[in-house]
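coords.pdb follows (PDB, C-alpha atoms):
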```pdb
ATOM      1  CA  MET A   1       0.000   0.000   0.000
ATOM      2  CA  SER A   2       1.339   3.395  -0.911
ATOM      3  CA  VAL A   3       0.598   7.014  -1.693
ATOM      4  CA  LEU A   4       1.141   8.117  -5.291
ATOM      5  CA  VAL A   5       1.703  11.765  -6.239
ATOM      6  CA  LEU A   6       1.402  13.000  -9.820
ATOM      7  CA  LEU A   7       4.269  15.367 -10.665
ATOM      8  CA  GLU A   8       3.041  17.935 -13.167
ATOM      9  CA  GLN A   9       5.496  19.310 -15.693
ATOM     10  CA  ARG A  10       5.433  21.709 -18.599
ATOM     11  CA  GLY A  11       9.006  21.504 -19.787
ATOM     12  CA  SER A  12      10.134  21.498 -16.156
ATOM     13  CA  LEU A  13       8.476  20.541 -12.891
ATOM     14  CA  ARG A  14       5.851  23.080 -11.827
ATOM     15  CA  ARG A  15       5.612  24.533  -8.338
ATOM     16  CA  CYS A  16       2.247  22.780  -7.988
ATOM     17  CA  ALA A  17       4.105  19.449  -8.267
ATOM     18  CA  PHE A  18       6.127  20.312  -5.153
ATOM     19  CA  GLU A  19       2.975  21.455  -3.338
ATOM     20  CA  ALA A  20       1.256  18.151  -4.165
ATOM     21  CA  ALA A  21       4.375  16.271  -3.024
ATOM     22  CA  THR A  22       4.331  18.175   0.285
ATOM     23  CA  ALA A  23       0.676  17.265   0.915
ATOM     24  CA  ALA A  24       1.154  13.664  -0.203
ATOM     25  CA  GLY A  25       4.216  13.318   2.020
ATOM     26  CA  ALA A  26       2.276  14.456   5.082
ATOM     27  CA  ILE A  27      -0.460  11.923   4.320
ATOM     28  CA  ALA A  28       2.066   9.114   3.790
ATOM     29  CA  ARG A  29       3.734   9.821   7.161
ATOM     30  CA  CYS A  30       0.408   9.908   9.021
ATOM     31  CA  ALA A  31      -0.805   6.723   7.339
ATOM     32  CA  GLY A  32       2.532   4.904   7.655
ATOM     33  CA  MET A  33       2.651   4.270   3.916
ATOM     34  CA  GLU A  34       5.386   4.602   1.317
ATOM     35  CA  LEU A  35       5.313   7.681  -0.900
ATOM     36  CA  ASN A  36       5.947   7.212  -4.613
ATOM     37  CA  ALA A  37       5.711   9.647  -7.505
ATOM     38  CA  VAL A  38       5.146   9.481 -11.243
ATOM     39  CA  TYR A  39       6.762  11.781 -13.787
ATOM     40  CA  ILE A  40       5.577  11.793 -17.395
ATOM     41  CA  GLY A  41       7.414  14.005 -19.848
ATOM     42  CA  GLN A  42      10.338  14.429 -22.201
ATOM     43  CA  SER A  43      13.064  14.046 -19.557
ATOM     44  CA  LEU A  44      13.331  14.388 -15.795
ATOM     45  CA  GLY A  45      16.997  15.269 -16.254
ATOM     46  CA  ASN A  46      18.702  16.779 -13.227
ATOM     47  CA  GLU A  47      15.430  17.754 -11.546
ATOM     48  CA  THR A  48      15.667  14.686  -9.309
ATOM     49  CA  ALA A  49      17.579  16.841  -6.817
ATOM     50  CA  ALA A  50      14.594  19.221  -6.634
ATOM     51  CA  LEU A  51      12.502  16.308  -5.331
ATOM     52  CA  ALA A  52      14.718  15.743  -2.299
ATOM     53  CA  GLY A  53      13.215  16.236   1.144
ATOM     54  CA  PHE A  54       9.609  15.281   0.381
ATOM     55  CA  GLY A  55       9.984  11.682   1.582
ATOM     56  CA  ILE A  56       9.482  10.262  -1.912
ATOM     57  CA  SER A  57      10.845   6.724  -2.059
ATOM     58  CA  LYS A  58      10.709   6.164  -5.819
ATOM     59  CA  VAL A  59       9.965   8.295  -8.850
ATOM     60  CA  PHE A  60       8.662   6.302 -11.794
ATOM     61  CA  ALA A  61       9.831   8.315 -14.794
ATOM     62  CA  TYR A  62       8.226   7.793 -18.197
ATOM     63  CA  GLU A  63      10.474   9.792 -20.509
ATOM     64  CA  ASN A  64       9.962  10.251 -24.219
ATOM     65  CA  GLU A  65       9.720  13.118 -26.687
ATOM     66  CA  ALA A  66       6.158  11.964 -27.465
ATOM     67  CA  LEU A  67       5.278  12.587 -23.790
ATOM     68  CA  ARG A  68       6.648  16.134 -23.690
ATOM     69  CA  HIS A  69       3.172  17.663 -23.871
ATOM     70  CA  TYR A  70       0.102  16.383 -22.057
ATOM     71  CA  SER A  71      -1.839  13.700 -23.887
ATOM     72  CA  ASN A  72      -4.907  12.148 -22.310
ATOM     73  CA  ASP A  73      -4.381   9.055 -24.464
ATOM     74  CA  ALA A  74      -0.936   8.370 -22.999
ATOM     75  CA  TYR A  75      -0.926   9.946 -19.526
ATOM     76  CA  VAL A  76      -4.144   8.382 -18.228
ATOM     77  CA  GLY A  77      -3.132   4.826 -19.139
ATOM     78  CA  ILE A  78       0.283   5.245 -17.526
ATOM     79  CA  VAL A  79      -1.116   6.510 -14.218
ATOM     80  CA  GLU A  80      -3.904   3.918 -14.127
ATOM     81  CA  LYS A  81      -1.541   0.976 -14.664
ATOM     82  CA  LEU A  82       1.042   2.278 -12.214
ATOM     83  CA  ALA A  83      -1.591   2.878  -9.517
ATOM     84  CA  ARG A  84      -2.788  -0.705  -9.869
ATOM     85  CA  GLU A  85       0.788  -2.052  -9.903
ATOM     86  CA  LEU A  86       1.736  -0.195  -6.718
ATOM     87  CA  GLY A  87      -1.546  -0.870  -4.958
ATOM     88  CA  ALA A  88      -1.877   2.857  -4.373
ATOM     89  CA  LYS A  89      -4.270   3.674  -1.555
ATOM     90  CA  VAL A  90      -4.149   7.439  -2.121
ATOM     91  CA  ILE A  91      -3.475   9.370  -5.344
ATOM     92  CA  ILE A  92      -2.790  13.117  -5.204
ATOM     93  CA  GLY A  93      -2.612  15.448  -8.206
ATOM     94  CA  SER A  94      -2.772  19.177  -8.881
ATOM     95  CA  ALA A  95      -5.984  21.089  -9.583
ATOM     96  CA  THR A  96      -4.634  22.895 -12.638
ATOM     97  CA  ALA A  97      -6.504  22.689 -15.946
ATOM     98  CA  LEU A  98      -4.224  19.828 -16.975
ATOM     99  CA  GLY A  99      -4.227  18.160 -13.575
ATOM    100  CA  LYS A 100      -8.007  18.207 -13.151
ATOM    101  CA  GLU A 101      -8.507  16.521 -16.514
ATOM    102  CA  LEU A 102      -5.882  13.890 -15.754
ATOM    103  CA  CYS A 103      -7.262  13.148 -12.279
ATOM    104  CA  ALA A 104     -10.851  12.935 -13.530
ATOM    105  CA  SER A 105      -9.888  10.574 -16.343
ATOM    106  CA  VAL A 106      -7.816   8.328 -14.057
ATOM    107  CA  ALA A 107     -10.629   8.226 -11.476
ATOM    108  CA  ALA A 108     -13.055   7.158 -14.197
ATOM    109  CA  ARG A 109     -10.693   4.406 -15.365
ATOM    110  CA  LEU A 110     -10.229   3.148 -11.807
ATOM    111  CA  GLY A 111     -13.919   3.552 -10.971
ATOM    112  CA  VAL A 112     -13.242   5.567  -7.830
ATOM    113  CA  GLU A 113     -14.335   8.850  -6.259
ATOM    114  CA  LEU A 114     -12.380  12.060  -6.701
ATOM    115  CA  GLY A 115     -12.198  15.148  -4.507
ATOM    116  CA  GLN A 116     -11.515  17.834  -7.078
ATOM    117  CA  ASP A 117      -9.978  21.292  -6.454
ATOM    118  CA  CYS A 118      -9.332  20.787  -2.722
ATOM    119  CA  VAL A 119      -7.740  23.421  -0.498
ATOM    120  CA  GLY A 120      -6.728  21.036   2.292
ATOM    121  CA  LEU A 121      -5.882  17.329   2.611
ATOM    122  CA  LEU A 122      -5.341  15.239   5.737
ATOM    123  CA  TRP A 123      -5.362  11.644   6.939
ATOM    124  CA  GLU A 124      -7.728  10.505   9.692
ATOM    125  CA  GLY A 125      -7.952   6.766   9.161
ATOM    126  CA  GLY A 126      -8.799   7.687   5.571
ATOM    127  CA  LEU A 127      -8.440  10.614   3.227
ATOM    128  CA  LYS A 128     -10.266  13.764   4.290
ATOM    129  CA  ALA A 129     -10.386  16.799   2.040
ATOM    130  CA  VAL A 130     -11.455  20.402   2.471
ATOM    131  CA  LYS A 131     -13.266  21.713  -0.575
ATOM    132  CA  PRO A 132     -14.892  25.112  -1.274
ATOM    133  CA  ILE A 133     -18.566  24.995  -2.281
ATOM    134  CA  TYR A 134     -21.280  27.579  -2.959
ATOM    135  CA  ALA A 135     -18.870  29.862  -4.829
ATOM    136  CA  GLY A 136     -16.355  29.613  -2.001
ATOM    137  CA  LYS A 137     -18.752  30.764   0.716
ATOM    138  CA  VAL A 138     -18.540  27.424   2.527
ATOM    139  CA  LEU A 139     -15.609  25.075   3.125
ATOM    140  CA  SER A 140     -16.883  21.523   3.222
ATOM    141  CA  GLU A 141     -15.079  18.527   4.690
ATOM    142  CA  ILE A 142     -15.430  15.358   2.677
ATOM    143  CA  ARG A 143     -14.151  11.849   3.308
ATOM    144  CA  VAL A 144     -13.178   9.724   0.321
ATOM    145  CA  GLU A 145     -14.098   6.181   1.308
ATOM    146  CA  CYS A 146     -13.047   4.272  -1.824
ATOM    147  CA  VAL A 147      -9.597   2.832  -2.569
ATOM    148  CA  PRO A 148      -7.629   4.400  -4.046
ATOM    149  CA  ALA A 149      -8.842   7.687  -2.659
ATOM    150  CA  MET A 150      -8.117  10.479  -5.144
ATOM    151  CA  ALA A 151      -7.887  14.241  -4.763
ATOM    152  CA  SER A 152      -6.540  17.215  -6.697
ATOM    153  CA  LEU A 153      -4.996  20.088  -4.768
ATOM    154  CA  ARG A 154      -5.581  23.732  -5.706
ATOM    155  CA  PRO A 155      -2.282  25.552  -6.436
ATOM    156  CA  ASN A 156      -0.899  27.939  -3.794
ATOM    157  CA  VAL A 157      -2.848  26.520  -0.827
ATOM    158  CA  VAL A 158      -0.017  24.400   0.618
ATOM    159  CA  PRO A 159       3.457  25.825   1.352
ATOM    160  CA  VAL A 160       6.310  23.758  -0.065
ATOM    161  CA  VAL A 161       8.126  22.052   2.830
ATOM    162  CA  ARG A 162      11.261  19.953   2.509
ATOM    163  CA  GLU A 163      12.835  17.924   5.306
ATOM    164  CA  GLY A 164      16.328  16.696   4.579
ATOM    165  CA  ASP A 165      18.171  16.386   1.296
ATOM    166  CA  THR A 166      17.803  12.719   0.374
ATOM    167  CA  PRO A 167      16.778  12.414  -3.286
ATOM    168  CA  PRO A 168      14.359   9.702  -4.367
ATOM    169  CA  GLU A 169      15.324   6.656  -6.387
ATOM    170  CA  VAL A 170      14.479   7.123 -10.061
ATOM    171  CA  ILE A 171      13.035   4.139 -11.898
ATOM    172  CA  ARG A 172      12.890   4.810 -15.626
ATOM    173  CA  ARG A 173      10.119   3.141 -17.571
ATOM    174  CA  PRO A 174       9.857   2.714 -21.346
ATOM    175  CA  MET A 175       7.324   4.570 -23.451
ATOM    176  CA  PRO A 176       4.126   2.486 -23.455
ATOM    177  CA  GLU A 177       2.454   1.460 -26.684
ATOM    178  CA  VAL A 178      -0.211   4.081 -27.262
ATOM    179  CA  SER A 179      -2.667   4.624 -30.091
ATOM    180  CA  PHE A 180      -2.941   8.407 -30.180
ATOM    181  CA  ARG A 181      -6.450   9.536 -31.117
ATOM    182  CA  THR A 182      -5.296  13.146 -31.237
ATOM    183  CA  VAL A 183      -2.109  14.604 -32.679
ATOM    184  CA  LEU A 184      -0.552  17.803 -31.347
ATOM    185  CA  LYS A 185       0.397  19.995 -34.307
ATOM    186  CA  ALA A 186       1.683  23.130 -32.588
ATOM    187  CA  VAL A 187       2.073  24.694 -29.156
ATOM    188  CA  SER A 188       1.621  28.404 -28.519
ATOM    189  CA  GLU A 189       3.982  29.347 -25.711
ATOM    190  CA  ALA A 190       3.285  32.242 -23.348
ATOM    191  CA  ALA A 191       5.399  35.324 -23.890
ATOM    192  CA  ALA A 192       8.662  35.466 -21.958
ATOM    193  CA  GLY A 193       8.158  36.875 -18.484
ATOM    194  CA  THR A 194       4.445  36.078 -18.466
ATOM    195  CA  VAL A 195       3.198  34.693 -15.154
ATOM    196  CA  GLU A 196       0.682  31.852 -15.371
ATOM    197  CA  LEU A 197      -2.613  32.962 -13.870
ATOM    198  CA  ALA A 198      -3.700  29.818 -11.998
ATOM    199  CA  GLU A 199      -0.375  29.438 -10.168
ATOM    200  CA  ALA A 200       0.541  33.102  -9.628
ATOM    201  CA  LYS A 201       1.383  34.390  -6.158
ATOM    202  CA  ILE A 202      -0.002  37.834  -7.038
ATOM    203  CA  VAL A 203      -2.877  38.548  -9.440
ATOM    204  CA  VAL A 204      -3.983  41.952 -10.725
ATOM    205  CA  SER A 205      -7.447  41.777 -12.324
ATOM    206  CA  GLY A 206      -9.517  44.319 -14.191
ATOM    207  CA  GLY A 207     -13.232  44.475 -14.822
ATOM    208  CA  ARG A 208     -15.857  46.617 -16.485
ATOM    209  CA  GLY A 209     -14.447  49.612 -14.618
ATOM    210  CA  ILE A 210     -11.393  49.807 -16.904
ATOM    211  CA  GLY A 211     -13.756  51.205 -19.525
ATOM    212  CA  GLY A 212     -12.397  49.469 -22.616
ATOM    213  CA  PRO A 213      -9.556  47.503 -24.237
ATOM    214  CA  ASP A 214      -7.182  50.466 -23.962
ATOM    215  CA  GLY A 215      -7.291  50.362 -20.169
ATOM    216  CA  TRP A 216      -5.012  47.359 -19.604
ATOM    217  CA  PRO A 217      -1.585  49.098 -19.697
ATOM    218  CA  VAL A 218      -2.154  50.686 -16.279
ATOM    219  CA  LEU A 219      -2.751  47.213 -14.799
ATOM    220  CA  ARG A 220       0.041  45.583 -16.786
ATOM    221  CA  GLU A 221       2.507  48.077 -15.336
ATOM    222  CA  LEU A 222       1.511  47.065 -11.807
ATOM    223  CA  CYS A 223       1.852  43.422 -12.869
ATOM    224  CA  SER A 224       5.347  44.125 -14.160
ATOM    225  CA  VAL A 225       6.438  45.778 -10.915
ATOM    226  CA  LEU A 226       5.037  43.004  -8.705
ATOM    227  CA  GLY A 227       5.763  40.034 -10.972
ATOM    228  CA  ALA A 228       2.020  39.401 -11.024
ATOM    229  CA  ALA A 229      -0.349  37.684 -13.437
ATOM    230  CA  LEU A 230      -3.043  39.660 -15.257
ATOM    231  CA  GLY A 231      -6.632  38.579 -14.662
ATOM    232  CA  ALA A 232     -10.029  39.810 -15.784
ATOM    233  CA  SER A 233     -13.699  39.557 -14.932
ATOM    234  CA  ARG A 234     -16.200  37.912 -17.240
ATOM    235  CA  ALA A 235     -17.651  41.331 -18.106
ATOM    236  CA  ALA A 236     -14.290  42.438 -19.503
ATOM    237  CA  VAL A 237     -13.854  39.195 -21.432
ATOM    238  CA  ASP A 238     -17.395  39.152 -22.826
ATOM    239  CA  SER A 239     -16.896  42.743 -24.000
ATOM    240  CA  GLY A 240     -13.951  41.537 -26.092
ATOM    241  CA  TRP A 241     -11.425  43.632 -24.183
ATOM    242  CA  ILE A 242      -9.132  40.697 -23.335
ATOM    243  CA  HIS A 243      -8.716  36.992 -24.133
ATOM    244  CA  HIS A 244     -10.726  34.404 -22.190
ATOM    245  CA  SER A 245      -7.494  32.840 -20.868
ATOM    246  CA  HIS A 246      -7.309  35.764 -18.407
ATOM    247  CA  GLN A 247     -10.806  35.239 -16.998
ATOM    248  CA  VAL A 248     -11.154  34.602 -13.276
ATOM    249  CA  GLY A 249     -14.429  33.247 -11.948
ATOM    250  CA  GLN A 250     -16.965  30.461 -12.100
ATOM    251  CA  THR A 251     -16.662  30.146 -15.880
ATOM    252  CA  GLY A 252     -12.961  31.065 -15.925
ATOM    253  CA  LYS A 253      -9.982  30.106 -13.804
ATOM    254  CA  VAL A 254      -9.877  29.611 -10.055
ATOM    255  CA  VAL A 255      -6.942  31.353  -8.405
ATOM    256  CA  CYS A 256      -5.610  31.349  -4.862
ATOM    257  CA  PRO A 257      -2.778  33.894  -4.760
ATOM    258  CA  ASP A 258      -1.201  35.523  -1.737
ATOM    259  CA  VAL A 259      -2.559  38.880  -2.959
ATOM    260  CA  TYR A 260      -5.442  39.562  -5.358
ATOM    261  CA  PHE A 261      -6.026  43.077  -6.714
ATOM    262  CA  ALA A 262      -9.597  43.593  -7.994
ATOM    263  CA  CYS A 263      -9.565  46.813 -10.022
ATOM    264  CA  GLY A 264     -12.854  48.089 -11.383
ATOM    265  CA  ILE A 265     -14.539  44.769 -10.560
ATOM    266  CA  SER A 266     -17.921  44.865  -8.830
ATOM    267  CA  GLY A 267     -17.437  41.386  -7.359
ATOM    268  CA  SER A 268     -20.409  39.305  -8.487
ATOM    269  CA  ILE A 269     -20.855  35.896  -6.877
ATOM    270  CA  GLN A 270     -19.602  34.302 -10.112
ATOM    271  CA  HIS A 271     -16.333  36.246  -9.908
ATOM    272  CA  GLN A 272     -15.956  35.525  -6.199
ATOM    273  CA  ALA A 273     -16.100  31.811  -6.990
ATOM    274  CA  GLY A 274     -12.754  32.169  -8.740
ATOM    275  CA  MET A 275     -10.833  34.283  -6.214
ATOM    276  CA  ARG A 276     -12.535  34.216  -2.824
ATOM    277  CA  THR A 277      -9.888  31.957  -1.246
ATOM    278  CA  SER A 278      -7.087  34.479  -1.985
ATOM    279  CA  ARG A 279      -5.131  35.209   1.193
ATOM    280  CA  ILE A 280      -5.366  39.003   0.832
ATOM    281  CA  ILE A 281      -7.872  40.816  -1.380
ATOM    282  CA  VAL A 282      -7.367  44.451  -2.346
ATOM    283  CA  ALA A 283     -10.315  46.161  -4.074
ATOM    284  CA  VAL A 284     -10.346  49.422  -6.019
ATOM    285  CA  ASN A 285     -13.772  50.610  -7.162
ATOM    286  CA  LYS A 286     -15.631  53.898  -7.536
ATOM    287  CA  ASP A 287     -18.848  52.371  -6.193
ATOM    288  CA  PRO A 288     -18.751  52.158  -2.365
ATOM    289  CA  GLU A 289     -21.642  49.665  -2.500
ATOM    290  CA  ALA A 290     -19.827  47.208  -4.784
ATOM    291  CA  PRO A 291     -20.093  43.607  -3.459
ATOM    292  CA  ILE A 292     -16.306  43.211  -3.665
ATOM    293  CA  PHE A 293     -15.947  45.455  -0.600
ATOM    294  CA  LYS A 294     -17.799  42.874   1.512
ATOM    295  CA  ILE A 295     -15.063  40.273   1.078
ATOM    296  CA  CYS A 296     -11.907  42.358   0.611
ATOM    297  CA  ASP A 297      -9.220  42.899   3.237
ATOM    298  CA  TYR A 298      -8.348  46.370   1.950
ATOM    299  CA  GLY A 299     -10.802  48.523   0.024
ATOM    300  CA  ILE A 300     -10.137  51.773  -1.814
ATOM    301  CA  VAL A 301     -13.095  53.799  -3.071
ATOM    302  CA  GLY A 302     -11.797  55.716  -6.057
ATOM    303  CA  ASP A 303     -11.029  55.819  -9.769
ATOM    304  CA  LEU A 304      -8.630  53.007 -10.658
ATOM    305  CA  TYR A 305      -6.861  55.306 -13.125
ATOM    306  CA  GLU A 306      -5.898  57.515 -10.202
ATOM    307  CA  VAL A 307      -5.368  54.837  -7.558
ATOM    308  CA  VAL A 308      -3.477  52.117  -9.470
ATOM    309  CA  PRO A 309      -0.667  54.402 -10.759
ATOM    310  CA  LEU A 310      -0.149  55.588  -7.164
ATOM    311  CA  LEU A 311       0.000  51.967  -5.985
ATOM    312  CA  THR A 312       2.457  51.148  -8.763
ATOM    313  CA  GLN A 313       4.706  54.064  -7.856
ATOM    314  CA  GLU A 314       4.626  53.197  -4.166
ATOM    315  CA  MET A 315       5.432  49.552  -4.912
ATOM    316  CA  LYS A 316       8.391  50.596  -7.093
ATOM    317  CA  GLN A 317       9.776  52.737  -4.295
ATOM    318  CA  SER A 318       9.212  50.068  -1.647
ATOM    319  CA  LEU A 319      10.903  47.358  -3.708
ATOM    320  CA  ALA A 320      13.833  49.653  -4.488
ATOM    321  CA  ARG A 321      14.630  50.228  -0.812
TER     322      ARG A 321
END
```

Please go through the file and, once you have read it, give me the structure as structure tokens.
Amino acid sequence: MSVLVLLEQRGSLRRCAFEAATAAGAIARCAGMELNAVYIGQSLGNETAALAGFGISKVFAYENEALRHYSNDAYVGIVEKLARELGAKVIIGSATALGKELCASVAARLGVELGQDCVGLLWEGGLKAVKPIYAGKVLSEIRVECVPAMASLRPNVVPVVREGDTPPEVIRRPMPEVSFRTVLKAVSEAAAGTVELAEAKIVVSGGRGIGGPDGWPVLRELCSVLGAALGASRAAVDSGWIHHSHQVGQTGKVVCPDVYFACGISGSIQHQAGMRTSRIIVAVNKDPEAPIFKICDYGIVGDLYEVVPLLTQEMKQSLAR
């Protein structure tokens, strides 16, 4: 019996992989089980050292150029077979767009339950998970009774913790025979320096209050100073002011950064569903009755075109000290 953690990569291991390993390691210690990991990608290379200190016993590495980019056809079969081989009692993945699809597909193959997009995981004679419901207004505790118990962990909710410097054993596996039903023709990479929204530590979002597609530079400058990701409300996306990939909310991406700036966003329940679990929420809005002020930690009533440049300037000065 063991715990299996899915190490997500996109060229290199993502921070969410280390967060999942931290959570899985804590569960393995409490349950007295061995912790194993699976890596699927082009090459693990020298990243084995980055996996030291999590208590991982073995990393099963499936390395091949054909596995460089996520493929449901290949990845799901690999994880399913390995979970059965190891007799995995718990399987932990990341609640990214890629991770949620992989976990859901593996759970379906194994015929087990899945706690998706959890913000807390613990072991109490079985896997217990904390999961936001009702647009984040309520945190529910669920117990996954089946074996293996599966859960995906929302990025940025668990601090990465390493104990020691012992690297895991790497067991390299050959590329399985796969009949690909889909063929990846091209990959559009994010621009250099762009911070991925779902995993960002700081997010600066704009809404209807920016007034139009020409309003983004003032927010992008703050993003540049803070190393933040740029988000948007559905109103801004539906108006055609910015691409849907930036949308935060019930029909967009769910984020859990350390700091979330809501600029010109009223804060509908649908938007709150995507950012309510942020550690600190800063709201800038001209309407003092905007719903966002009911959930924010710091609220500024004012024109974002006056407030945000002042924030940007102050941040520049603070970071320069």

Selection under test: the PyMOL selection byres ((chain A and resi 204) around 6); residues as number ranges by chain:
A: 203, 205, 230-231, 261

List the spatial neighbours of stretch 43-58 of chain A as a ChimeraX atom specification - criterion: any atom at most 8 Å away, all atoms listed in the file, same-chain residues fewer than 4 positions off excluded.
/A:12-13,18,21-22,25,34-37,39,63-65,68,161-171

When you look at stretch 131-145 of chain A with a cut-off of 12 Å (counting all atoms listed in the file), what residues show up, excluding the ones that are within fewer than 2 positions of it in the same chain? I need them as a ChimeraX atom specification.
/A:89-91,95,112-129,147-154,157,249-251,254-256,267-278,295

Hey, what comes out of the PyMOL selection byres ((chain A and resi 298) around 12) on this file? Could you write it as a PyMOL selection string?
chain A and resi 259-262+279-285+292-297+299-301

Please determine, counting all atoms listed in the file, which residue among A:Ala97, A:Leu4, A:Ile27, A:Ala104 has the shortest atom-to-atom distance to A:Val59.
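Of the candidates, the smallest distance to A:Val59 is held by A:Leu4.
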
Tell me, in Å to one decimal, how far atom CA of A:Arg109 is from atom CA of A:Arg84.
10.9 Å

10 Å contact set for A:Leu226, only C-alpha atoms, chain neighbours under 2 positions out, as number ranges by chain
A: 201-204, 220-224, 228-229, 312, 315-316, 319

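Atom CA of A:Gly212 to atom CA of A:Val237 spans 10.4 Å [interatomic distance, one decimal].
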
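With all atoms listed in the file as the basis for measurement, A:Pro288 is the residue among A:Gly32, A:Gly41, A:Pro288, A:Gly111 that approaches A:Gly302 most closely.
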
Work out how far atom CA of A:Tyr70 is from atom CA of A:Gln9, in Å to one decimal.
8.8 Å

Expected selection from the PyMOL selection byres ((chain A and resi 80) around 12), given as a VMD selection string:
chain A and resid 4 6 38 72 to 79 81 to 88 91 102 to 112 148 150

File of the preceding selection, C-alpha atoms, as a PDB file, in the frame of the given file:
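Output below, filename selection_20.pdb:
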```pdb
ATOM      1  CA  LEU A   4       1.141   8.117  -5.291  1.00  0.00           C
ATOM      2  CA  LEU A   6       1.402  13.000  -9.820  1.00  0.00           C
ATOM      3  CA  VAL A  38       5.146   9.481 -11.243  1.00  0.00           C
ATOM      4  CA  ASN A  72      -4.907  12.148 -22.310  1.00  0.00           C
ATOM      5  CA  ASP A  73      -4.381   9.055 -24.464  1.00  0.00           C
ATOM      6  CA  ALA A  74      -0.936   8.370 -22.999  1.00  0.00           C
ATOM      7  CA  TYR A  75      -0.926   9.946 -19.526  1.00  0.00           C
ATOM      8  CA  VAL A  76      -4.144   8.382 -18.228  1.00  0.00           C
ATOM      9  CA  GLY A  77      -3.132   4.826 -19.139  1.00  0.00           C
ATOM     10  CA  ILE A  78       0.283   5.245 -17.526  1.00  0.00           C
ATOM     11  CA  VAL A  79      -1.116   6.510 -14.218  1.00  0.00           C
ATOM     12  CA  LYS A  81      -1.541   0.976 -14.664  1.00  0.00           C
ATOM     13  CA  LEU A  82       1.042   2.278 -12.214  1.00  0.00           C
ATOM     14  CA  ALA A  83      -1.591   2.878  -9.517  1.00  0.00           C
ATOM     15  CA  ARG A  84      -2.788  -0.705  -9.869  1.00  0.00           C
ATOM     16  CA  GLU A  85       0.788  -2.052  -9.903  1.00  0.00           C
ATOM     17  CA  LEU A  86       1.736  -0.195  -6.718  1.00  0.00           C
ATOM     18  CA  GLY A  87      -1.546  -0.870  -4.958  1.00  0.00           C
ATOM     19  CA  ALA A  88      -1.877   2.857  -4.373  1.00  0.00           C
ATOM     20  CA  ILE A  91      -3.475   9.370  -5.344  1.00  0.00           C
ATOM     21  CA  LEU A 102      -5.882  13.890 -15.754  1.00  0.00           C
ATOM     22  CA  CYS A 103      -7.262  13.148 -12.279  1.00  0.00           C
ATOM     23  CA  ALA A 104     -10.851  12.935 -13.530  1.00  0.00           C
ATOM     24  CA  SER A 105      -9.888  10.574 -16.343  1.00  0.00           C
ATOM     25  CA  VAL A 106      -7.816   8.328 -14.057  1.00  0.00           C
ATOM     26  CA  ALA A 107     -10.629   8.226 -11.476  1.00  0.00           C
ATOM     27  CA  ALA A 108     -13.055   7.158 -14.197  1.00  0.00           C
ATOM     28  CA  ARG A 109     -10.693   4.406 -15.365  1.00  0.00           C
ATOM     29  CA  LEU A 110     -10.229   3.148 -11.807  1.00  0.00           C
ATOM     30  CA  GLY A 111     -13.919   3.552 -10.971  1.00  0.00           C
ATOM     31  CA  VAL A 112     -13.242   5.567  -7.830  1.00  0.00           C
ATOM     32  CA  PRO A 148      -7.629   4.400  -4.046  1.00  0.00           C
ATOM     33  CA  MET A 150      -8.117  10.479  -5.144  1.00  0.00           C
TER      34      MET A 150
END
```

Smallest atom-to-atom distance to A:Val308: which of A:Leu219, A:Val178, A:Leu67, A:Ala232, using only C-alpha atoms?
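Looking at the shortest contact to A:Val308, the residue is A:Leu219.
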
Can you sort out stretch 255-264 of chain A so it carries N, CA and C atoms, written as a PDB file, in the frame of the given file?
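Writing the result to rebuild.pdb gives the following:
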```pdb
ATOM      1  N   VAL A 255      -8.270  30.979  -8.871  1.00  0.00           N
ATOM      2  CA  VAL A 255      -6.942  31.353  -8.405  1.00  0.00           C
ATOM      3  C   VAL A 255      -6.926  31.447  -6.888  1.00  0.00           C
ATOM      4  N   CYS A 256      -5.750  31.252  -6.317  1.00  0.00           N
ATOM      5  CA  CYS A 256      -5.610  31.349  -4.862  1.00  0.00           C
ATOM      6  C   CYS A 256      -4.255  31.995  -4.542  1.00  0.00           C
ATOM      7  N   PRO A 257      -4.066  33.233  -4.979  1.00  0.00           N
ATOM      8  CA  PRO A 257      -2.778  33.894  -4.760  1.00  0.00           C
ATOM      9  C   PRO A 257      -2.625  34.419  -3.341  1.00  0.00           C
ATOM     10  N   ASP A 258      -1.426  34.870  -3.022  1.00  0.00           N
ATOM     11  CA  ASP A 258      -1.201  35.523  -1.737  1.00  0.00           C
ATOM     12  C   ASP A 258      -1.915  36.874  -1.715  1.00  0.00           C
ATOM     13  N   VAL A 259      -1.899  37.575  -2.862  1.00  0.00           N
ATOM     14  CA  VAL A 259      -2.559  38.880  -2.959  1.00  0.00           C
ATOM     15  C   VAL A 259      -3.344  38.955  -4.264  1.00  0.00           C
ATOM     16  N   TYR A 260      -4.586  39.399  -4.182  1.00  0.00           N
ATOM     17  CA  TYR A 260      -5.442  39.562  -5.358  1.00  0.00           C
ATOM     18  C   TYR A 260      -5.926  41.012  -5.421  1.00  0.00           C
ATOM     19  N   PHE A 261      -5.572  41.712  -6.489  1.00  0.00           N
ATOM     20  CA  PHE A 261      -6.026  43.077  -6.714  1.00  0.00           C
ATOM     21  C   PHE A 261      -7.233  43.039  -7.651  1.00  0.00           C
ATOM     22  N   ALA A 262      -8.382  43.513  -7.176  1.00  0.00           N
ATOM     23  CA  ALA A 262      -9.597  43.593  -7.994  1.00  0.00           C
ATOM     24  C   ALA A 262      -9.813  45.052  -8.354  1.00  0.00           C
ATOM     25  N   CYS A 263      -9.520  45.415  -9.584  1.00  0.00           N
ATOM     26  CA  CYS A 263      -9.565  46.813 -10.022  1.00  0.00           C
ATOM     27  C   CYS A 263     -10.742  47.034 -10.977  1.00  0.00           C
ATOM     28  N   GLY A 264     -11.692  47.840 -10.549  1.00  0.00           N
ATOM     29  CA  GLY A 264     -12.854  48.089 -11.383  1.00  0.00           C
ATOM     30  C   GLY A 264     -13.746  46.877 -11.544  1.00  0.00           C
TER      31      GLY A 264
END
```
